[in-house]
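**Q** To start, I am sharing the structure in question, which I have written as structure tokens.
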Amino acid sequence: MKEIIPVEAIQKAIRLHPFWVKLIMRILKLNRLNQIYDRIYPVEGLELIEKLLEYLNIHISVEQQDLAQIPRQGAFISISNHPFGFLDGLTTILLIRKIRPDYKVTANFLLQHLLPLKDFFIFVNPFDEKKHQGMGGTALCLEHLGSGGGVGLFPAGEVSTYYKGQKGVADRPWPLAPIRLIQKAQIPVLPMHFHGQNSRLFHLLGKIHPLLRTVRLPAEFLHKKNSKVSIKIGKLIDIETLQKYSKLEDLQVFLRNSVYML
């Protein structure tokens, strides 16, 4: 069977006996993703994402006038809320890379095991506190932007859920690290907003431990079968507007509002 997430890669990552690795993959639904990949193989690149969404009957809803906001040339950063997990990154890649083949998205380090899609991502570790609360890979982002490419950020660094002090399901308060990256890059920013949220089980597991939310993400992706994903893309925020906010905290509020007001 052709595997999008090789058993050997997971075994190497968690260093357990193959029996336990296969059991874990079944529990996390990773084996189901491999089964789907085996059925749609051989495809690669954007076609793989298209076939995967087509197989699950997941429809992307976005206005053509919104797609026109995507810069046709020059470095830029897209920012978005993070309500679903895998689906946010795959959808963003599919929409923007059709227009900008030099676009990459920051992604959870677990996605590095999706070998056929690996080149689409810049990997970060949301559990590494030493890297500014989830924004590892900053140097790689700046390097890619310096070459004129586009980078997609999910500033929260974690998938949306219920957080103390916030109404309903939303991103956690955005860490300053991605805002610092945006301020340092001094390039236009494209705000995007995904409408929707994950299942109640996802949020319940997160109350027990944040790691349980992360391991639930493959199942949440499969749970989106036969659904529609609605996305709104805002107007490109120019450098002059960004420079009006010299304090990181003020820029943070402005950028978050630019996403959630869409």
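Identifiers in the structure tokens: chain A, B, ... in order shown; residue index from 1 per chain; ligand index from 1 in order shown.
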Tyr41 (chain A): which residues within 9 Å, counting only C-alpha atoms, same-chain residues fewer than 5 positions away excluded, as number ranges by chain?

**A** A: 2, 36, 48

**Q** Within region 1-194 of chain A, find each residue whose DSSP state, derived from the backbone, is helix (DSSP H, G or I), and express the selection as a VMD selection string.

**A** chain A and resid 7 to 14 18 to 27 30 to 40 45 to 55 64 to 67 86 to 97 109 to 113 115 to 120 129 to 131 138 to 146 176 to 185

**Q** Any idea what the distance is between CA of Arg256 (chain A) and CA of Phe154 (chain A)?

**A**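 Computing the Euclidean distance for CA of Arg256 (chain A) and CA of Phe154 (chain A) yields 10.7 Å.
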
**Q** Which is closer to Ile179 (chain A) than all the others in A:Lys247, A:His17, A:Arg26, A:Lys235, using only C-alpha atoms?

**A**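 Of A:Lys247, A:His17, A:Arg26, A:Lys235, the one nearest Ile179 (chain A), counting only C-alpha atoms, is A:Lys247.
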
**Q** Excluding Asn257 (chain A) and its own-chain neighbours fewer than 2 positions away, which residues fall within 12 Å of it when counting only C-alpha atoms? Please give them as a list in words.

**A**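 Listing them by chain and then by number gives Ile79, Ser80, Asn81, Asp171, Pro173, Trp174, Pro191, Met192, His193, Gly234, Asp250, Leu251, Gln252, Val253, Phe254, Leu255, Val259, Tyr260, Met261 and Leu262 of chain A.
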